[in-house]
file model.pdb (PDB, C-alpha atoms)
MODEL        1
ATOM      1  CA  MET A   1    -181.825 -43.427  31.864  1.00  0.00           C
ATOM      2  CA  ASP A   2    -182.171 -43.664  35.646  1.00  0.00           C
ATOM      3  CA  VAL A   3    -185.042 -41.721  37.143  1.00  0.00           C
ATOM      4  CA  GLN A   4    -184.489 -39.853  40.390  1.00  0.00           C
ATOM      5  CA  PRO A   5    -187.067 -37.793  42.268  1.00  0.00           C
ATOM      6  CA  ARG A   6    -186.877 -34.108  41.462  1.00  0.00           C
ATOM      7  CA  LEU A   7    -187.987 -30.974  43.251  1.00  0.00           C
ATOM      8  CA  TYR A   8    -190.565 -30.431  40.503  1.00  0.00           C
ATOM      9  CA  ASP A   9    -192.385 -33.682  41.411  1.00  0.00           C
ATOM     10  CA  HIS A  10    -193.206 -32.155  44.791  1.00  0.00           C
ATOM     11  CA  ILE A  11    -193.963 -28.699  43.403  1.00  0.00           C
ATOM     12  CA  LEU A  12    -196.537 -30.149  40.987  1.00  0.00           C
ATOM     13  CA  GLN A  13    -198.140 -32.443  43.559  1.00  0.00           C
ATOM     14  CA  ASP A  14    -198.387 -29.536  45.994  1.00  0.00           C
ATOM     15  CA  CYS A  15    -199.902 -27.305  43.310  1.00  0.00           C
ATOM     16  CA  PHE A  16    -202.562 -29.841  42.299  1.00  0.00           C
ATOM     17  CA  ALA A  17    -203.395 -30.676  45.921  1.00  0.00           C
ATOM     18  CA  GLY A  18    -204.446 -27.107  46.607  1.00  0.00           C
ATOM     19  CA  HIS A  19    -205.611 -25.706  43.250  1.00  0.00           C
ATOM     20  CA  ARG A  20    -207.534 -26.744  40.159  1.00  0.00           C
ATOM     21  CA  GLN A  21    -205.643 -24.447  37.785  1.00  0.00           C
ATOM     22  CA  MET A  22    -203.797 -25.840  34.784  1.00  0.00           C
ATOM     23  CA  VAL A  23    -200.010 -25.872  35.100  1.00  0.00           C
ATOM     24  CA  PHE A  24    -197.706 -24.642  32.325  1.00  0.00           C
ATOM     25  CA  ILE A  25    -194.108 -25.868  32.455  1.00  0.00           C
ATOM     26  CA  SER A  26    -191.491 -24.319  30.201  1.00  0.00           C
ATOM     27  CA  GLY A  27    -187.735 -24.637  30.091  1.00  0.00           C
ATOM     28  CA  PRO A  28    -184.824 -25.509  27.835  1.00  0.00           C
ATOM     29  CA  ARG A  29    -184.797 -28.682  25.757  1.00  0.00           C
ATOM     30  CA  GLU A  30    -183.685 -31.875  27.500  1.00  0.00           C
ATOM     31  CA  VAL A  31    -184.185 -30.425  30.988  1.00  0.00           C
ATOM     32  CA  GLY A  32    -186.619 -33.198  31.977  1.00  0.00           C
ATOM     33  CA  LYS A  33    -190.048 -31.587  31.517  1.00  0.00           C
ATOM     34  CA  ASN A  34    -191.735 -34.500  29.758  1.00  0.00           C
ATOM     35  CA  THR A  35    -189.989 -37.194  31.825  1.00  0.00           C
ATOM     36  CA  THR A  36    -191.144 -35.574  35.058  1.00  0.00           C
ATOM     37  CA  CYS A  37    -194.688 -35.033  33.811  1.00  0.00           C
ATOM     38  CA  ARG A  38    -195.065 -38.539  32.330  1.00  0.00           C
ATOM     39  CA  LEU A  39    -194.252 -39.999  35.757  1.00  0.00           C
ATOM     40  CA  ILE A  40    -197.105 -38.190  37.492  1.00  0.00           C
ATOM     41  CA  GLY A  41    -199.573 -37.949  34.583  1.00  0.00           C
ATOM     42  CA  THR A  42    -202.251 -40.509  33.755  1.00  0.00           C
ATOM     43  CA  HIS A  43    -202.437 -39.527  30.056  1.00  0.00           C
ATOM     44  CA  TYR A  44    -199.813 -38.029  27.734  1.00  0.00           C
ATOM     45  CA  LEU A  45    -200.646 -36.338  24.421  1.00  0.00           C
ATOM     46  CA  SER A  46    -197.945 -34.762  22.260  1.00  0.00           C
ATOM     47  CA  TRP A  47    -198.604 -32.323  19.428  1.00  0.00           C
ATOM     48  CA  ASP A  48    -195.545 -33.843  17.708  1.00  0.00           C
ATOM     49  CA  ASP A  49    -197.250 -37.267  17.568  1.00  0.00           C
ATOM     50  CA  VAL A  50    -199.484 -37.493  14.463  1.00  0.00           C
ATOM     51  CA  ALA A  51    -202.219 -39.579  16.141  1.00  0.00           C
ATOM     52  CA  ASP A  52    -202.302 -37.308  19.199  1.00  0.00           C
ATOM     53  CA  ARG A  53    -202.420 -34.212  16.979  1.00  0.00           C
ATOM     54  CA  ARG A  54    -205.428 -35.598  15.084  1.00  0.00           C
ATOM     55  CA  LEU A  55    -207.196 -36.228  18.396  1.00  0.00           C
ATOM     56  CA  ILE A  56    -206.461 -32.711  19.678  1.00  0.00           C
ATOM     57  CA  LEU A  57    -207.690 -31.188  16.412  1.00  0.00           C
ATOM     58  CA  ARG A  58    -211.037 -32.959  16.924  1.00  0.00           C
ATOM     59  CA  GLY A  59    -211.542 -30.674  19.924  1.00  0.00           C
ATOM     60  CA  PRO A  60    -211.819 -30.679  23.724  1.00  0.00           C
ATOM     61  CA  GLY A  61    -214.815 -33.048  23.750  1.00  0.00           C
ATOM     62  CA  ALA A  62    -212.930 -35.701  21.770  1.00  0.00           C
ATOM     63  CA  VAL A  63    -209.941 -35.513  24.129  1.00  0.00           C
ATOM     64  CA  ALA A  64    -212.221 -35.748  27.187  1.00  0.00           C
ATOM     65  CA  GLU A  65    -213.892 -38.814  25.651  1.00  0.00           C
ATOM     66  CA  HIS A  66    -210.489 -40.344  24.840  1.00  0.00           C
ATOM     67  CA  VAL A  67    -209.277 -40.094  28.436  1.00  0.00           C
ATOM     68  CA  ARG A  68    -212.738 -41.182  29.673  1.00  0.00           C
ATOM     69  CA  LEU A  69    -213.379 -38.458  32.179  1.00  0.00           C
ATOM     70  CA  GLU A  70    -215.907 -40.105  34.464  1.00  0.00           C
ATOM     71  CA  PRO A  71    -217.098 -38.722  37.792  1.00  0.00           C
ATOM     72  CA  LEU A  72    -216.611 -42.049  39.631  1.00  0.00           C
ATOM     73  CA  LEU A  73    -212.923 -42.605  38.863  1.00  0.00           C
ATOM     74  CA  GLU A  74    -210.831 -43.240  41.992  1.00  0.00           C
ATOM     75  CA  ARG A  75    -208.072 -40.903  40.836  1.00  0.00           C
ATOM     76  CA  ILE A  76    -208.622 -37.598  39.063  1.00  0.00           C
ATOM     77  CA  PRO A  77    -206.987 -37.938  35.624  1.00  0.00           C
ATOM     78  CA  LEU A  78    -203.936 -35.787  35.001  1.00  0.00           C
ATOM     79  CA  ILE A  79    -203.511 -35.041  31.296  1.00  0.00           C
ATOM     80  CA  VAL A  80    -200.145 -33.872  29.974  1.00  0.00           C
ATOM     81  CA  PHE A  81    -200.169 -31.916  26.702  1.00  0.00           C
ATOM     82  CA  ALA A  82    -196.640 -31.705  25.265  1.00  0.00           C
ATOM     83  CA  GLU A  83    -195.674 -29.021  22.735  1.00  0.00           C
ATOM     84  CA  LEU A  84    -199.302 -27.868  22.454  1.00  0.00           C
ATOM     85  CA  HIS A  85    -198.144 -24.274  21.896  1.00  0.00           C
ATOM     86  CA  LYS A  86    -197.292 -25.311  18.307  1.00  0.00           C
ATOM     87  CA  HIS A  87    -201.044 -25.555  17.649  1.00  0.00           C
ATOM     88  CA  ARG A  88    -202.190 -22.221  16.208  1.00  0.00           C
ATOM     89  CA  LYS A  89    -205.293 -22.167  18.437  1.00  0.00           C
ATOM     90  CA  TRP A  90    -203.817 -23.743  21.550  1.00  0.00           C
ATOM     91  CA  ARG A  91    -205.234 -21.123  23.923  1.00  0.00           C
ATOM     92  CA  GLU A  92    -208.765 -21.594  22.620  1.00  0.00           C
ATOM     93  CA  PHE A  93    -208.373 -25.389  22.828  1.00  0.00           C
ATOM     94  CA  LEU A  94    -207.233 -25.243  26.474  1.00  0.00           C
ATOM     95  CA  LYS A  95    -209.966 -22.794  27.453  1.00  0.00           C
ATOM     96  CA  GLY A  96    -212.566 -25.123  25.921  1.00  0.00           C
ATOM     97  CA  PHE A  97    -211.023 -28.212  27.498  1.00  0.00           C
ATOM     98  CA  PHE A  98    -210.904 -26.527  30.911  1.00  0.00           C
ATOM     99  CA  GLU A  99    -214.558 -25.484  30.623  1.00  0.00           C
ATOM    100  CA  VAL A 100    -215.747 -28.886  29.329  1.00  0.00           C
ATOM    101  CA  SER A 101    -213.840 -31.011  31.833  1.00  0.00           C
ATOM    102  CA  GLY A 102    -213.527 -28.604  34.762  1.00  0.00           C
ATOM    103  CA  PRO A 103    -213.074 -30.253  38.167  1.00  0.00           C
ATOM    104  CA  ARG A 104    -212.949 -33.786  36.698  1.00  0.00           C
ATOM    105  CA  MET A 105    -209.320 -33.506  35.570  1.00  0.00           C
ATOM    106  CA  ARG A 106    -205.965 -31.810  36.029  1.00  0.00           C
ATOM    107  CA  VAL A 107    -203.885 -30.453  33.141  1.00  0.00           C
ATOM    108  CA  ILE A 108    -200.164 -29.915  32.587  1.00  0.00           C
ATOM    109  CA  VAL A 109    -198.910 -28.213  29.424  1.00  0.00           C
ATOM    110  CA  THR A 110    -195.197 -28.570  28.668  1.00  0.00           C
ATOM    111  CA  GLY A 111    -193.121 -26.802  26.080  1.00  0.00           C
ATOM    112  CA  SER A 112    -189.855 -25.107  25.253  1.00  0.00           C
ATOM    113  CA  PRO A 113    -189.146 -21.485  26.166  1.00  0.00           C
ATOM    114  CA  GLN A 114    -191.734 -20.319  23.597  1.00  0.00           C
ATOM    115  CA  LEU A 115    -194.402 -21.475  26.048  1.00  0.00           C
ATOM    116  CA  ASP A 116    -193.491 -18.674  28.460  1.00  0.00           C
ATOM    117  CA  ILE A 117    -196.713 -16.757  28.872  1.00  0.00           C
ATOM    118  CA  VAL A 118    -196.806 -12.984  28.872  1.00  0.00           C
ATOM    119  CA  PRO A 119    -200.108 -11.987  30.484  1.00  0.00           C
ATOM    120  CA  ARG A 120    -202.201  -9.957  28.074  1.00  0.00           C
ATOM    121  CA  SER A 121    -205.307  -7.967  28.693  1.00  0.00           C
ATOM    122  CA  GLY A 122    -208.328 -10.026  27.729  1.00  0.00           C
ATOM    123  CA  ASP A 123    -206.265 -13.262  27.908  1.00  0.00           C
ATOM    124  CA  SER A 124    -208.777 -16.099  27.527  1.00  0.00           C
ATOM    125  CA  LEU A 125    -206.742 -18.202  29.972  1.00  0.00           C
ATOM    126  CA  MET A 126    -206.376 -15.514  32.662  1.00  0.00           C
ATOM    127  CA  GLY A 127    -206.787 -17.032  36.126  1.00  0.00           C
ATOM    128  CA  ARG A 128    -206.861 -20.576  34.741  1.00  0.00           C
ATOM    129  CA  TYR A 129    -203.158 -21.450  34.924  1.00  0.00           C
ATOM    130  CA  ALA A 130    -199.998 -21.320  37.000  1.00  0.00           C
ATOM    131  CA  CYS A 131    -196.571 -21.122  35.304  1.00  0.00           C
ATOM    132  CA  PHE A 132    -193.349 -22.847  36.279  1.00  0.00           C
ATOM    133  CA  ARG A 133    -189.973 -22.865  34.571  1.00  0.00           C
ATOM    134  CA  MET A 134    -187.902 -26.038  34.887  1.00  0.00           C
ATOM    135  CA  HIS A 135    -184.155 -25.689  35.283  1.00  0.00           C
ATOM    136  CA  PRO A 136    -181.302 -28.219  35.106  1.00  0.00           C
ATOM    137  CA  TRP A 137    -180.269 -30.066  38.259  1.00  0.00           C
ATOM    138  CA  SER A 138    -178.672 -27.767  40.834  1.00  0.00           C
ATOM    139  CA  VAL A 139    -176.772 -28.078  44.088  1.00  0.00           C
ATOM    140  CA  GLY A 140    -179.979 -27.217  45.941  1.00  0.00           C
ATOM    141  CA  GLU A 141    -181.924 -29.964  44.186  1.00  0.00           C
ATOM    142  CA  CYS A 142    -179.185 -32.510  44.890  1.00  0.00           C
ATOM    143  CA  VAL A 143    -179.505 -31.729  48.584  1.00  0.00           C
ATOM    144  CA  ARG A 144    -183.286 -31.472  48.901  1.00  0.00           C
ATOM    145  CA  VAL A 145    -186.195 -32.470  46.651  1.00  0.00           C
ATOM    146  CA  ALA A 146    -189.073 -31.783  49.048  1.00  0.00           C
ATOM    147  CA  VAL A 147    -190.856 -28.450  49.185  1.00  0.00           C
ATOM    148  CA  GLY A 148    -190.394 -26.859  52.591  1.00  0.00           C
ATOM    149  CA  ASP A 149    -192.720 -24.530  54.467  1.00  0.00           C
ATOM    150  CA  SER A 150    -190.284 -21.690  53.890  1.00  0.00           C
ATOM    151  CA  MET A 151    -188.283 -20.495  50.888  1.00  0.00           C
ATOM    152  CA  VAL A 152    -185.248 -20.257  53.192  1.00  0.00           C
ATOM    153  CA  GLN A 153    -183.963 -23.664  54.282  1.00  0.00           C
ATOM    154  CA  PRO A 154    -181.044 -24.523  56.567  1.00  0.00           C
ATOM    155  CA  PRO A 155    -177.866 -25.502  54.698  1.00  0.00           C
ATOM    156  CA  GLU A 156    -177.114 -29.172  54.108  1.00  0.00           C
ATOM    157  CA  PRO A 157    -173.972 -30.807  52.708  1.00  0.00           C
ATOM    158  CA  ILE A 158    -174.027 -32.094  49.129  1.00  0.00           C
ATOM    159  CA  ALA A 159    -172.761 -35.623  48.512  1.00  0.00           C
ATOM    160  CA  ASP A 160    -169.276 -35.693  46.965  1.00  0.00           C
ATOM    161  CA  ALA A 161    -170.517 -37.836  44.055  1.00  0.00           C
ATOM    162  CA  ASP A 162    -173.286 -35.335  43.184  1.00  0.00           C
ATOM    163  CA  TRP A 163    -170.903 -32.376  43.413  1.00  0.00           C
ATOM    164  CA  SER A 164    -168.397 -34.104  41.114  1.00  0.00           C
ATOM    165  CA  ALA A 165    -171.168 -35.075  38.682  1.00  0.00           C
ATOM    166  CA  LEU A 166    -172.434 -31.493  38.480  1.00  0.00           C
ATOM    167  CA  LEU A 167    -168.924 -30.193  37.792  1.00  0.00           C
ATOM    168  CA  GLU A 168    -168.069 -32.854  35.203  1.00  0.00           C
ATOM    169  CA  HIS A 169    -171.424 -33.536  33.502  1.00  0.00           C
ATOM    170  CA  GLY A 170    -173.553 -30.449  34.186  1.00  0.00           C
ATOM    171  CA  GLY A 171    -177.133 -30.368  35.433  1.00  0.00           C
ATOM    172  CA  PHE A 172    -179.079 -31.701  32.459  1.00  0.00           C
ATOM    173  CA  PRO A 173    -180.684 -34.930  33.710  1.00  0.00           C
ATOM    174  CA  GLU A 174    -179.429 -37.487  31.191  1.00  0.00           C
ATOM    175  CA  PRO A 175    -175.671 -36.816  31.442  1.00  0.00           C
ATOM    176  CA  PHE A 176    -175.932 -35.936  35.141  1.00  0.00           C
ATOM    177  CA  LEU A 177    -177.561 -39.288  35.974  1.00  0.00           C
ATOM    178  CA  LYS A 178    -175.491 -41.440  33.574  1.00  0.00           C
ATOM    179  CA  ARG A 179    -172.168 -39.975  34.769  1.00  0.00           C
ATOM    180  CA  ASP A 180    -170.277 -41.345  31.795  1.00  0.00           C
ATOM    181  CA  ALA A 181    -167.642 -39.007  30.310  1.00  0.00           C
ATOM    182  CA  ARG A 182    -167.921 -40.344  26.729  1.00  0.00           C
ATOM    183  CA  PHE A 183    -171.714 -40.117  26.795  1.00  0.00           C
ATOM    184  CA  THR A 184    -171.547 -36.572  28.189  1.00  0.00           C
ATOM    185  CA  ARG A 185    -169.204 -35.399  25.402  1.00  0.00           C
ATOM    186  CA  ARG A 186    -171.492 -36.893  22.722  1.00  0.00           C
ATOM    187  CA  TRP A 187    -174.603 -35.505  24.414  1.00  0.00           C
ATOM    188  CA  HIS A 188    -173.235 -31.949  24.623  1.00  0.00           C
ATOM    189  CA  SER A 189    -171.952 -32.085  21.046  1.00  0.00           C
ATOM    190  CA  LEU A 190    -175.339 -33.260  19.726  1.00  0.00           C
ATOM    191  CA  ARG A 191    -177.195 -30.658  21.796  1.00  0.00           C
ATOM    192  CA  GLN A 192    -174.986 -27.888  20.428  1.00  0.00           C
ATOM    193  CA  GLU A 193    -175.694 -29.027  16.868  1.00  0.00           C
ATOM    194  CA  GLN A 194    -179.441 -29.109  17.526  1.00  0.00           C
ATOM    195  CA  LEU A 195    -179.414 -25.628  19.047  1.00  0.00           C
ATOM    196  CA  VAL A 196    -177.515 -24.237  16.048  1.00  0.00           C
ATOM    197  CA  LEU A 197    -179.857 -25.913  13.554  1.00  0.00           C
ATOM    198  CA  ALA A 198    -183.052 -25.034  15.449  1.00  0.00           C
TER
ENDMDL
END
call {"tool": "encode", "arguments": {"input": "model.pdb", "output": "structure tokens"}}
result
Amino acid sequence: MDVQPRLYDHILQDCFAGHRQMVFISGPREVGKNTTCRLIGTHYLSWDDVADRRLILRGPGAVAEHVRLEPLLERIPLIVFAELHKHRKWREFLKGFFEVSGPRMRVIVTGSPQLDIVPRSGDSLMGRYACFRMHPWSVGECVRVAVGDSMVQPPEPIADADWSALLEHGGFPEPFLKRDARFTRRWHSLRQEQLVLA
């Protein structure tokens, strides 16, 4: 699949430039959460991968050792935890990891809609994270992928090819970027089956 810059690349870079909070990214399946985060992350650990799960279960110290958090690294490591919310004690793990590794790393946690956080009183992660929800490609994102100084931006024309692709293939990244009618039909059919079976 082709990779094109997305608005979320800039949102995440802007967030990490000014804050040390963890970032939680939720959204529907196949919207591009992990692809986007893999491109900017230095390490990627998925709860669905058996080896990664074993490492996570060994605790925050083991993960910090695995990614070799050293104070003299040129670039602050950015660790992506995918589907971590499936871990029964994921909040406690993240709180411990944040306290152990603190300013020496940045953290992104991705997941499906179940990751949406409802603030609770006494939440052990309160004040330690910012939440974003990723959406499929839109007209606005086709026109502009940089974050402006203002929420209101002057209108710009959308390229004819992007407009046609949105109408024919929808905004999910894989069919939108491939722009192949047969692939799009198969993709949507498979996605429908997965949603019904999930």
call {"tool": "closest_residue", "arguments": {"input": "model.pdb", "among": "A:His19, A:Arg106, A:His169, A:His135", "to": "Arg75 of chain A", "atoms": "all atoms listed in the file"}}
result
A:Arg106
call {"tool": "resolve_selection", "arguments": {"input": "model.pdb", "expression": "the PyMOL selection byres ((chain A and resi 28-33) around 6)", "output": "list of chain:residue names"}}
result
A:Gly27, A:Asn34, A:Thr35, A:Thr36, A:Ser112, A:Pro136, A:Phe172
call {"tool": "residues_around", "arguments": {"input": "model.pdb", "residues": "Phe93 of chain A", "least_positions_apart": "4", "cutoff": "7 Å", "atoms": "only C-alpha atoms", "output": "PDB file with C-alpha atoms, in the frame of the given file"}}
result
ATOM      1  CA  GLY A  59    -211.542 -30.674  19.924  1.00  0.00           C
ATOM      2  CA  PRO A  60    -211.819 -30.679  23.724  1.00  0.00           C
ATOM      3  CA  LYS A  89    -205.293 -22.167  18.437  1.00  0.00           C
ATOM      4  CA  PHE A  97    -211.023 -28.212  27.498  1.00  0.00           C
TER       5      PHE A  97
END
call {"tool": "residues_around", "arguments": {"input": "model.pdb", "residues": "segment 45-57 of chain A", "least_positions_apart": "5", "cutoff": "6 Å", "atoms": "only C-alpha atoms", "output": "number ranges by chain"}}
result
A: 81-84
call {"tool": "axis_aligned_box", "arguments": {"input": "model.pdb", "around": "segment 50-68 of chain A", "padding_each_side": "5 Å", "output": "AutoDock Vina command-line options"}}
result
--center_x -207.1 --center_y -35.9 --center_z 22.1 --size_x 25.3 --size_y 20.5 --size_z 25.2
call {"tool": "closest_residue", "arguments": {"input": "model.pdb", "among": "A:His66, A:Val23, A:Glu92, A:Val143", "to": "Asp160 of chain A", "atoms": "all atoms listed in the file"}}
result
A:Val143
call {"tool": "atom_distance", "arguments": {"input": "model.pdb", "atom1": "atom CA of Ala130 of chain A", "atom2": "atom CA of Ile40 of chain A"}}
result
17.1 Å
call {"tool": "residues_around", "arguments": {"input": "model.pdb", "residues": "segment 162-166 of chain A", "least_positions_apart": "3", "cutoff": "12 Å", "atoms": "only C-alpha atoms", "output": "list in words"}}
result
Pro136, Trp137, Ser138, Val139, Gly140, Glu141, Cys142, Val143, Pro157, Ile158, Ala159, His169, Gly170, Gly171, Phe172, Pro173, Glu174, Pro175, Phe176, Leu177, Lys178, Arg179, Asp180, Ala181 and Thr184 of chain A
call {"tool": "closest_residue", "arguments": {"input": "model.pdb", "among": "A:Val107, A:Val147, A:Val100, A:Ala161", "to": "Ile76 of chain A", "atoms": "all atoms listed in the file"}}
result
A:Val107
call {"tool": "atom_distance", "arguments": {"input": "model.pdb", "atom1": "atom CA of Gly102 of chain A", "atom2": "atom CA of Trp90 of chain A"}}
result
17.1 Å
